[in-house]
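Below: work_22.txt (compact mmCIF, C-alpha atoms and all ligand atoms)
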```txt
# COMPACT_ATOMS: atom_id res chain seq x y z
CA MET A 1 142.03 83.35 144.15
CA ILE A 2 139.77 81.28 141.86
CA MET A 3 141.54 78.76 139.61
CA GLU A 4 139.80 77.50 136.48
CA GLU A 5 140.36 73.77 136.00
CA GLN A 6 140.35 73.70 132.21
CA ILE A 7 143.58 74.32 130.32
CA TYR A 8 142.89 76.34 127.17
CA LYS A 9 144.84 75.83 123.98
CA VAL A 10 145.07 79.55 123.18
CA LEU A 11 144.43 82.55 125.36
CA ILE A 12 144.33 85.94 123.64
CA ILE A 13 144.87 89.15 125.58
CA GLY A 14 143.27 92.22 123.97
CA SER A 15 140.22 92.96 121.82
CA GLY A 16 141.56 95.31 119.14
CA PRO A 17 141.98 94.35 115.47
CA ALA A 18 145.01 92.17 116.38
CA GLY A 19 143.26 90.23 119.15
CA PHE A 20 140.03 89.59 117.22
CA THR A 21 141.88 88.58 114.06
CA ALA A 22 144.04 86.17 116.07
CA ALA A 23 140.80 84.79 117.55
CA ILE A 24 139.26 84.32 114.10
CA TYR A 25 142.29 82.35 112.88
CA ALA A 26 142.49 80.32 116.10
CA CYS A 27 138.78 79.43 115.79
CA ARG A 28 139.24 78.35 112.18
CA ALA A 29 142.06 76.06 113.36
CA ASN A 30 139.70 74.55 115.94
CA LEU A 31 141.68 75.87 118.89
CA ASN A 32 138.64 77.23 120.83
CA PRO A 33 140.37 80.45 121.92
CA VAL A 34 139.48 82.44 125.00
CA LEU A 35 139.91 86.21 124.59
CA TYR A 36 140.09 88.76 127.42
CA GLU A 37 138.92 92.16 126.25
CA GLY A 38 140.65 94.39 128.81
CA MET A 39 139.53 97.83 129.87
CA GLN A 40 138.91 99.04 126.32
CA PRO A 41 136.69 96.48 124.57
CA GLY A 42 137.23 96.91 120.82
CA GLY A 43 140.54 98.72 121.34
CA GLN A 44 141.66 102.11 120.07
CA LEU A 45 139.38 102.22 117.03
CA THR A 46 136.39 102.69 119.33
CA GLU A 47 137.74 106.22 119.89
CA THR A 48 137.09 107.25 116.30
CA THR A 49 134.06 107.56 114.08
CA ARG A 50 135.95 107.87 110.80
CA ILE A 51 138.15 105.17 109.31
CA GLU A 52 138.84 105.71 105.65
CA ASN A 53 141.84 103.43 105.18
CA PHE A 54 140.65 99.98 106.28
CA PRO A 55 140.35 97.86 103.12
CA GLY A 56 136.92 96.70 102.10
CA TYR A 57 134.88 99.76 103.11
CA PRO A 58 134.44 101.99 100.05
CA GLU A 59 132.50 104.60 102.06
CA GLY A 60 134.72 104.40 105.15
CA VAL A 61 133.54 102.89 108.40
CA ASP A 62 132.80 103.97 111.97
CA GLY A 63 135.43 102.55 114.36
CA ASN A 64 132.81 101.10 116.72
CA ASP A 65 130.96 99.43 113.84
CA LEU A 66 134.17 97.87 112.50
CA MET A 67 135.12 96.49 115.90
CA GLU A 68 131.59 95.24 116.56
CA ASP A 69 131.72 93.39 113.22
CA LEU A 70 135.08 91.83 114.10
CA ARG A 71 133.74 90.82 117.52
CA LYS A 72 130.61 89.23 116.00
CA GLN A 73 132.76 87.37 113.45
CA ALA A 74 134.98 85.94 116.21
CA ILE A 75 131.93 84.93 118.29
CA ARG A 76 130.21 83.31 115.30
CA LEU A 77 133.30 81.19 114.71
CA GLY A 78 133.32 80.09 118.36
CA ALA A 79 135.62 82.44 120.30
CA ASP A 80 134.94 82.71 124.02
CA ILE A 81 135.07 86.49 124.56
CA ARG A 82 135.29 87.57 128.19
CA PHE A 83 135.37 90.82 130.16
CA GLY A 84 138.46 91.28 132.29
CA ALA A 85 142.00 92.58 132.24
CA VAL A 86 145.12 90.50 132.71
CA THR A 87 146.88 91.72 135.85
CA LYS A 88 149.66 89.13 136.19
CA VAL A 89 151.22 86.29 134.23
CA ASP A 90 153.51 83.38 134.97
CA PHE A 91 155.28 82.35 131.78
CA SER A 92 158.03 80.43 133.60
CA LYS A 93 156.55 77.05 132.59
CA ARG A 94 153.69 75.54 130.61
CA PRO A 95 150.80 75.59 130.96
CA PHE A 96 151.08 79.32 131.40
CA LEU A 97 149.20 80.95 134.29
CA ILE A 98 147.26 84.12 133.55
CA THR A 99 145.66 86.12 136.36
CA VAL A 100 142.57 88.13 135.44
CA ASP A 101 141.41 91.14 137.48
CA ASP A 102 143.56 89.92 140.40
CA GLU A 103 140.89 87.38 141.25
CA LYS A 104 141.02 84.46 138.86
CA VAL A 105 143.79 82.31 137.35
CA VAL A 106 143.36 80.79 133.91
CA MET A 107 145.72 78.21 132.36
CA ALA A 108 146.72 78.09 128.69
CA HIS A 109 149.18 76.16 126.52
CA SER A 110 149.81 79.23 124.38
CA VAL A 111 149.19 82.96 124.74
CA ILE A 112 148.79 85.75 122.20
CA ILE A 113 149.51 89.23 123.56
CA ALA A 114 147.59 91.91 121.63
CA THR A 115 147.36 94.70 124.17
CA GLY A 116 148.12 97.66 121.90
CA ALA A 117 150.01 100.87 122.55
CA THR A 118 148.56 104.04 124.02
CA ALA A 119 149.42 107.44 122.54
CA ARG A 120 150.87 109.97 124.95
CA TYR A 121 148.95 113.22 125.29
CA LEU A 122 149.97 116.47 127.00
CA GLY A 123 147.29 116.06 129.65
CA LEU A 124 145.34 119.25 128.90
CA GLU A 125 141.61 119.24 129.56
CA SER A 126 140.96 121.04 126.25
CA GLU A 127 142.99 118.38 124.41
CA THR A 128 140.68 115.66 125.77
CA ARG A 129 137.60 117.74 124.94
CA PHE A 130 138.54 118.03 121.26
CA ARG A 131 139.91 114.50 120.80
CA GLY A 132 138.49 113.23 117.52
CA GLN A 133 137.31 116.78 116.66
CA GLY A 134 140.62 118.16 115.51
CA VAL A 135 142.94 116.59 118.11
CA SER A 136 144.67 113.46 116.86
CA ALA A 137 147.69 111.32 117.68
CA CYS A 138 147.88 109.72 114.25
CA ALA A 139 148.76 111.72 111.11
CA THR A 140 148.47 108.65 108.86
CA CYS A 141 144.93 108.06 110.15
CA ASP A 142 143.61 111.61 110.14
CA GLY A 143 145.90 113.72 107.90
CA PHE A 144 143.59 113.23 104.93
CA PHE A 145 140.90 115.34 106.66
CA TYR A 146 143.24 118.36 106.71
CA ARG A 147 143.94 118.72 103.00
CA GLY A 148 144.56 122.41 102.24
CA LYS A 149 144.22 123.35 105.94
CA THR A 150 146.59 124.50 108.69
CA VAL A 151 147.74 122.15 111.43
CA ALA A 152 150.11 122.08 114.40
CA VAL A 153 152.26 119.10 115.35
CA VAL A 154 153.63 118.82 118.88
CA GLY A 155 156.97 117.10 119.41
CA GLY A 156 160.61 117.29 118.43
CA GLY A 157 161.64 113.68 117.86
CA ASP A 158 161.77 111.45 114.79
CA THR A 159 158.04 110.66 114.95
CA ALA A 160 157.11 114.33 115.11
CA CYS A 161 159.33 115.13 112.11
CA GLU A 162 157.88 112.21 110.18
CA GLU A 163 154.28 113.19 111.02
CA ALA A 164 154.99 116.83 110.11
CA THR A 165 156.53 116.00 106.73
CA TYR A 166 153.66 113.60 105.99
CA LEU A 167 151.08 116.26 106.91
CA ALA A 168 152.96 118.83 104.82
CA THR A 169 152.07 116.82 101.71
CA LEU A 170 148.37 117.35 102.50
CA ALA A 171 148.01 120.52 104.56
CA LYS A 172 148.60 124.07 103.39
CA LYS A 173 150.76 124.89 106.42
CA VAL A 174 152.26 122.84 109.25
CA TYR A 175 153.55 124.38 112.48
CA MET A 176 155.83 122.24 114.62
CA VAL A 177 155.61 123.11 118.29
CA VAL A 178 158.96 122.20 119.85
CA ARG A 179 159.68 122.61 123.56
CA ARG A 180 163.41 123.17 123.21
CA ASP A 181 165.61 125.00 120.67
CA VAL A 182 166.78 121.77 118.99
CA PHE A 183 165.19 118.60 117.60
CA ARG A 184 165.72 115.25 119.31
CA ALA A 185 165.32 113.77 115.83
CA SER A 186 167.98 112.19 113.66
CA GLU A 187 169.98 114.29 111.19
CA THR A 188 168.03 112.82 108.25
CA MET A 189 164.64 113.69 109.69
CA ARG A 190 165.81 117.14 110.73
CA LYS A 191 167.02 117.87 107.20
CA ARG A 192 163.76 116.62 105.74
CA VAL A 193 161.81 119.08 107.90
CA GLU A 194 164.17 121.94 107.09
CA SER A 195 163.79 121.35 103.37
CA THR A 196 159.98 121.30 103.47
CA PRO A 197 158.83 124.84 102.65
CA ASN A 198 155.38 124.67 104.26
CA ILE A 199 156.67 123.56 107.69
CA GLU A 200 157.47 126.28 110.21
CA VAL A 201 159.18 125.25 113.44
CA LEU A 202 158.18 127.15 116.57
CA TRP A 203 161.21 126.60 118.83
CA ASN A 204 160.97 127.01 122.62
CA HIS A 205 157.18 126.73 122.58
CA ASN A 206 154.75 124.99 124.90
CA THR A 207 151.05 124.37 124.36
CA LYS A 208 148.90 126.04 126.99
CA GLU A 209 145.50 125.13 125.57
CA VAL A 210 143.70 123.79 122.53
CA LEU A 211 141.07 126.27 121.36
CA GLY A 212 137.82 125.42 119.65
CA ASP A 213 134.06 125.56 119.44
CA SER A 214 131.22 123.25 118.46
CA SER A 215 132.82 122.73 115.03
CA GLY A 216 136.06 121.44 116.59
CA VAL A 217 139.58 122.83 116.90
CA THR A 218 140.05 126.43 115.79
CA GLY A 219 143.46 127.22 117.24
CA VAL A 220 146.06 126.67 119.90
CA ARG A 221 147.29 128.91 122.73
CA LEU A 222 151.07 128.86 122.86
CA LEU A 223 153.71 130.05 125.29
CA ASN A 224 157.11 131.11 124.02
CA ASN A 225 159.11 129.85 126.98
CA LYS A 226 162.08 132.09 126.14
CA THR A 227 160.19 135.40 125.94
CA GLY A 228 157.17 134.54 128.11
CA ASN A 229 154.87 135.69 125.29
CA VAL A 230 151.48 133.90 125.20
CA TYR A 231 149.51 134.06 121.97
CA ASP A 232 146.81 132.27 119.97
CA LEU A 233 147.65 130.60 116.68
CA PRO A 234 144.74 129.70 114.38
CA VAL A 235 144.91 126.01 113.29
CA ASP A 236 142.35 123.47 112.09
CA GLY A 237 144.07 120.40 113.49
CA PHE A 238 146.32 119.60 116.46
CA PHE A 239 148.51 116.49 116.18
CA LEU A 240 150.35 114.91 119.09
CA ALA A 241 153.62 113.21 118.24
CA ILE A 242 155.22 112.80 121.64
CA GLY A 243 155.35 109.02 121.70
CA HIS A 244 153.33 105.95 122.60
CA HIS A 245 153.30 103.67 125.61
CA PRO A 246 153.13 99.99 124.60
CA ASN A 247 150.90 98.08 127.03
CA SER A 248 153.54 95.49 127.88
CA ASP A 249 154.29 96.26 131.55
CA VAL A 250 152.44 93.24 132.90
CA PHE A 251 154.56 90.86 130.77
CA LYS A 252 157.99 92.45 131.30
CA GLU A 253 159.23 89.94 133.88
CA TYR A 254 159.25 87.28 131.15
CA ILE A 255 158.98 88.94 127.76
CA THR A 256 161.79 90.83 126.07
CA THR A 257 160.96 94.37 125.01
CA ASN A 258 162.96 97.10 123.31
CA PRO A 259 163.98 100.19 125.33
CA GLU A 260 160.62 101.86 124.57
CA GLY A 261 158.68 98.84 125.85
CA TYR A 262 157.61 97.33 122.51
CA ILE A 263 157.63 93.52 122.60
CA VAL A 264 160.43 92.08 120.48
CA THR A 265 159.31 89.41 118.03
CA GLU A 266 161.48 87.03 116.06
CA GLY A 267 162.07 87.95 112.41
CA LYS A 268 158.85 88.03 110.43
CA THR A 269 157.00 85.87 112.99
CA SER A 270 154.98 86.78 116.07
CA LYS A 271 157.18 84.64 118.35
CA THR A 272 158.47 86.24 121.53
CA ASN A 273 161.46 85.04 123.55
CA VAL A 274 159.14 82.62 125.45
CA GLU A 275 158.18 79.59 123.38
CA GLY A 276 154.39 79.45 123.11
CA VAL A 277 153.87 83.18 123.75
CA PHE A 278 153.18 85.33 120.70
CA ALA A 279 152.66 89.06 120.24
CA ALA A 280 150.58 90.93 117.65
CA GLY A 281 149.50 94.46 116.82
CA ASP A 282 150.70 97.80 118.13
CA VAL A 283 152.29 96.31 121.27
CA GLN A 284 155.06 94.90 119.07
CA ASP A 285 155.03 97.49 116.29
CA PRO A 286 156.87 100.78 116.85
CA SER A 287 156.65 101.84 113.22
CA TYR A 288 153.26 101.23 111.55
CA ARG A 289 150.56 101.13 114.26
CA GLN A 290 147.62 100.83 111.87
CA ALA A 291 144.44 98.79 112.15
CA VAL A 292 145.19 96.75 109.05
CA THR A 293 148.77 95.97 110.10
CA ALA A 294 147.50 95.02 113.56
CA ALA A 295 144.92 92.70 111.98
CA GLY A 296 147.62 91.24 109.71
CA SER A 297 149.90 90.50 112.61
CA GLY A 298 146.97 89.00 114.54
CA CYS A 299 146.59 86.60 111.64
CA LYS A 300 150.28 85.67 111.91
CA ALA A 301 149.97 85.10 115.66
CA GLY A 302 146.94 82.85 115.17
CA LEU A 303 148.85 80.78 112.61
CA ASP A 304 152.04 80.72 114.72
CA ALA A 305 150.07 79.50 117.74
CA GLU A 306 148.44 76.79 115.63
CA ARG A 307 151.84 75.59 114.35
CA PHE A 308 153.33 75.67 117.84
CA LEU A 309 150.44 73.64 119.28
CA ALA A 310 150.60 71.11 116.44
CA CYS A 311 154.13 70.25 117.62
CA TYR A 312 153.63 70.72 121.34
CA LEU A 313 150.17 69.34 122.14
CA PRO A 314 150.64 65.74 120.88
CA THR A 315 153.48 65.34 123.38
CA LEU A 316 151.30 66.26 126.37
C1 LIG A 401 141.63 108.07 117.71
C2 LIG A 401 142.33 107.02 116.86
C3 LIG A 401 142.04 106.95 115.52
C4 LIG A 401 142.67 105.98 114.72
N1 LIG A 401 142.35 105.93 113.41
C5 LIG A 401 142.89 104.95 112.65
C6 LIG A 401 142.54 104.85 111.27
O1 LIG A 401 141.78 105.65 110.73
N2 LIG A 401 143.11 103.84 110.56
C7 LIG A 401 144.00 102.95 111.11
O2 LIG A 401 144.46 102.04 110.41
N3 LIG A 401 144.34 103.05 112.40
C8 LIG A 401 143.82 104.02 113.19
N4 LIG A 401 144.19 104.12 114.49
C9 LIG A 401 145.22 103.20 115.00
C10 LIG A 401 144.55 101.86 115.32
O3 LIG A 401 143.47 102.08 116.18
C11 LIG A 401 145.57 100.92 115.98
O4 LIG A 401 146.70 100.77 115.14
C12 LIG A 401 144.95 99.55 116.22
O5 LIG A 401 143.75 99.67 116.96
C13 LIG A 401 145.91 98.64 116.95
O6 LIG A 401 145.27 97.44 117.18
P1 LIG A 401 145.72 96.46 118.35
O7 LIG A 401 144.80 95.30 118.25
O8 LIG A 401 147.17 96.22 118.28
O9 LIG A 401 145.51 97.25 119.71
P2 LIG A 401 144.34 98.15 120.29
O10 LIG A 401 143.32 98.52 119.31
O11 LIG A 401 145.04 99.22 121.04
O12 LIG A 401 143.66 97.17 121.34
C14 LIG A 401 144.33 96.79 122.50
C15 LIG A 401 143.40 95.94 123.31
O13 LIG A 401 144.13 95.37 124.40
C16 LIG A 401 143.35 95.44 125.56
N5 LIG A 401 144.26 95.38 126.71
C17 LIG A 401 145.28 96.21 127.03
N6 LIG A 401 145.85 95.79 128.19
C18 LIG A 401 145.19 94.65 128.56
C19 LIG A 401 145.31 93.76 129.65
N7 LIG A 401 146.21 93.93 130.60
N8 LIG A 401 144.44 92.71 129.72
C20 LIG A 401 143.51 92.51 128.75
N9 LIG A 401 143.36 93.32 127.69
C21 LIG A 401 144.18 94.39 127.61
C22 LIG A 401 142.56 96.72 125.42
O14 LIG A 401 141.40 96.68 126.24
C23 LIG A 401 142.24 96.69 123.93
O15 LIG A 401 141.07 95.95 123.73
C24 LIG A 401 143.60 105.08 115.31
C25 LIG A 401 143.89 105.17 116.67
C26 LIG A 401 143.27 106.13 117.45
C27 LIG A 401 143.59 106.21 118.92
```

Could you write out this structure as structure tokens?
Ligand SMILES: Cc1cc2nc3c(=O)[nH]c(=O)nc-3n(C[C@H](O)[C@H](O)[C@H](O)COP(=O)(O)OP(=O)(O)OC[C@H]3O[C@@H](n4cnc5c(N)ncnc54)[C@H](O)[C@@H]3O)c2cc1C
Amino acid sequence: MIMEEQIYKVLIIGSGPAGFTAAIYACRANLNPVLYEGMQPGGQLTETTRIENFPGYPEGVDGNDLMEDLRKQAIRLGADIRFGAVTKVDFSKRPFLITVDDEKVVMAHSVIIATGATARYLGLESETRFRGQGVSACATCDGFFYRGKTVAVVGGGDTACEEATYLATLAKKVYMVVRRDVFRASETMRKRVESTPNIEVLWNHNTKEVLGDSSGVTGVRLLNNKTGNVYDLPVDGFFLAIGHHPNSDVFKEYITTNPEGYIVTEGKTSKTNVEGVFAAGDVQDPSYRQAVTAAGSGCKAGLDAERFLACYLPTL
């Protein structure tokens, strides 16, 4: 195992909007941050070509272009951006020890975790093929493209009900594909779905395949698991709402998470239960999960780290 001698003031884990924004703020505070990009440099937005809701882009922006701009901005201000994924941490004492790619240990006085959350998919080959061409795991991000169209939403929990009712304000018709004959959702969400006239719930249904052509999704092949009937339903969009997996596993020995794995932060701050370790972006946000909220919380983490170091570093 290689051990770097230098102790960094701030080490940022993750290169999505949260990580790069934290890096920008840490640079501006003269903290010379090191940022590890992980296995998806640029984060989730590199999976999409159309972002219409990030402020400051009147014509919309390509996800890769936005992330490349954020990366360049962080580098220009002095961030040390590195390839590598964090595979282990020791937050039991300061300086913290961070292992990268199981081969190198880096030391830091403070750490910002910005590792995001990964949407769960059904695991169908056709779903992967049409991702970004009609298959989406984010109604807030992509619902706008389905105004006046027909969409299907998979899932029976609170998120699925929320996504379906949101989409129903834009789309002509929303089908909810629910595996069982009841919702897992709360009473309130269930009632909201039931009182929305353009939502039709397909109980006891499983998705066999997403159908499409060169223009994108054209339908979905469904199985009625009660009757055994398999049929094709024409839809323009296919939305997954079966949950997210916050990328917090590597920190769980030290960092408190909620039952779903989201990192718990203190009040309106980015502070975790370990002093000097902060969390930003989707990894600590079960409800919004948007690029601009991730960037906003990255800003908070950068400022929180600066304030922590102002108290802690002079005593070293
Ligand atoms: C297809 C798609 C389209 C979307 N469209 C929109 C949209 O139009 N508008 C919008 O506001 N939002 C959109 N979103 C949501 C948006 O992308 C996320 O809310 C945002 O990217 C979250 O930012 P983040 O920085 O928290 O995490 P992420 O962007 O998920 O970045 C996480 C980073 O952490 C890194 N990482 C993970 N584990 C490790 C590790 N162990 N070590 C080191 N690094 C690690 C990854 O490599 C990645 O760089 C979309 C998401 C998807 C998937």

* With all atoms listed in the file counted, collect every polymer residue having an atom within 7 Å of ligand LIG 401 (chain A); state the result as a VMD selection string. => chain A and resid 13 to 19 36 to 45 47 to 48 50 to 54 84 to 87 114 to 119 132 136 to 138 141 to 142 247 250 280 to 283 289 to 292 294 to 295

* Non-local contacts of A:Glu306 (7 Å; only C-alpha atoms; under 4 positions in same chain excluded) as a count of residues only -> 4

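A straight line drawn from atom CA of A:Gly296 to atom CA of A:Asp101 is 28.5 Å long.
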
* **Contact residues around A:Gly156 with only C-alpha atoms at 10 Å, ignoring same-chain residues under 2 positions, as an MDAnalysis selection string** => chainID A and resid 153:154 158:161 176:185 190 201 203 241:242

* Using all atoms listed in the file, which residue out of A:Asn32, A:Asn64, A:Asn273, A:Ser248 lies closest to A:Phe91? ->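 Between A:Asn32, A:Asn64, A:Asn273, A:Ser248, the residue approaching A:Phe91 most closely is A:Asn273.
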
* Residue neighbourhood A:Ile7, 8 Å, all atoms listed in the file, exclusion window fewer than 6 positions, as a list in words -> Pro95, Val106, Met107, Ala108 and His109 of chain A

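In terms of minimum interatomic distance to A:Cys299, A:Thr269 ranks closest within A:Thr49, A:Thr269, A:Gln73, A:Thr165, counting all atoms listed in the file.
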
* Have a look at atom CA of A:Gly134 and atom CA of A:Glu59 and let me know their distance in Å, one decimal. => 20.8 Å

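Minimum atom-to-atom distances from A:Ile2, A:Val34, A:Val210, A:Val235 to A:Arg131 were compared using all atoms listed in the file, and the lowest value belongs to A:Val210.
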
* Asked: In Å to one decimal, how far is atom CA of A:Ser110 from atom CA of A:Ala22?
  -> 12.3 Å

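Residues surrounding A:Ile12 within 6 Å are Leu35, Val111 and Ile112 of chain A [only C-alpha atoms; sequence separation below 6 positions excluded].
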
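Restricting the calculation to all atoms listed in the file, the smallest distance between A:Pro55 and any of A:Phe83, A:Phe239, A:Thr293, A:Glu266 is found for A:Thr293.
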
* Pick out the closest residue to A:Thr227 from this set: A:Asn204, A:Val135, A:Ala279, A:Thr99. Count all atoms listed in the file. => A:Asn204

* Structure fact -> From the list A:Arg129, A:Ser214, A:Val89, A:Thr265, the nearest residue to A:Phe251 using only C-alpha atoms is A:Val89

* **Surrounding residues of A:Val230 excluding itself and chain neighbours under 6 positions, 9 Å, only C-alpha atoms, as a list in words** =>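 Once the nearby chain positions are removed, what remains is Lys208, Arg221, Leu222, Leu223 and Asn224 of chain A.
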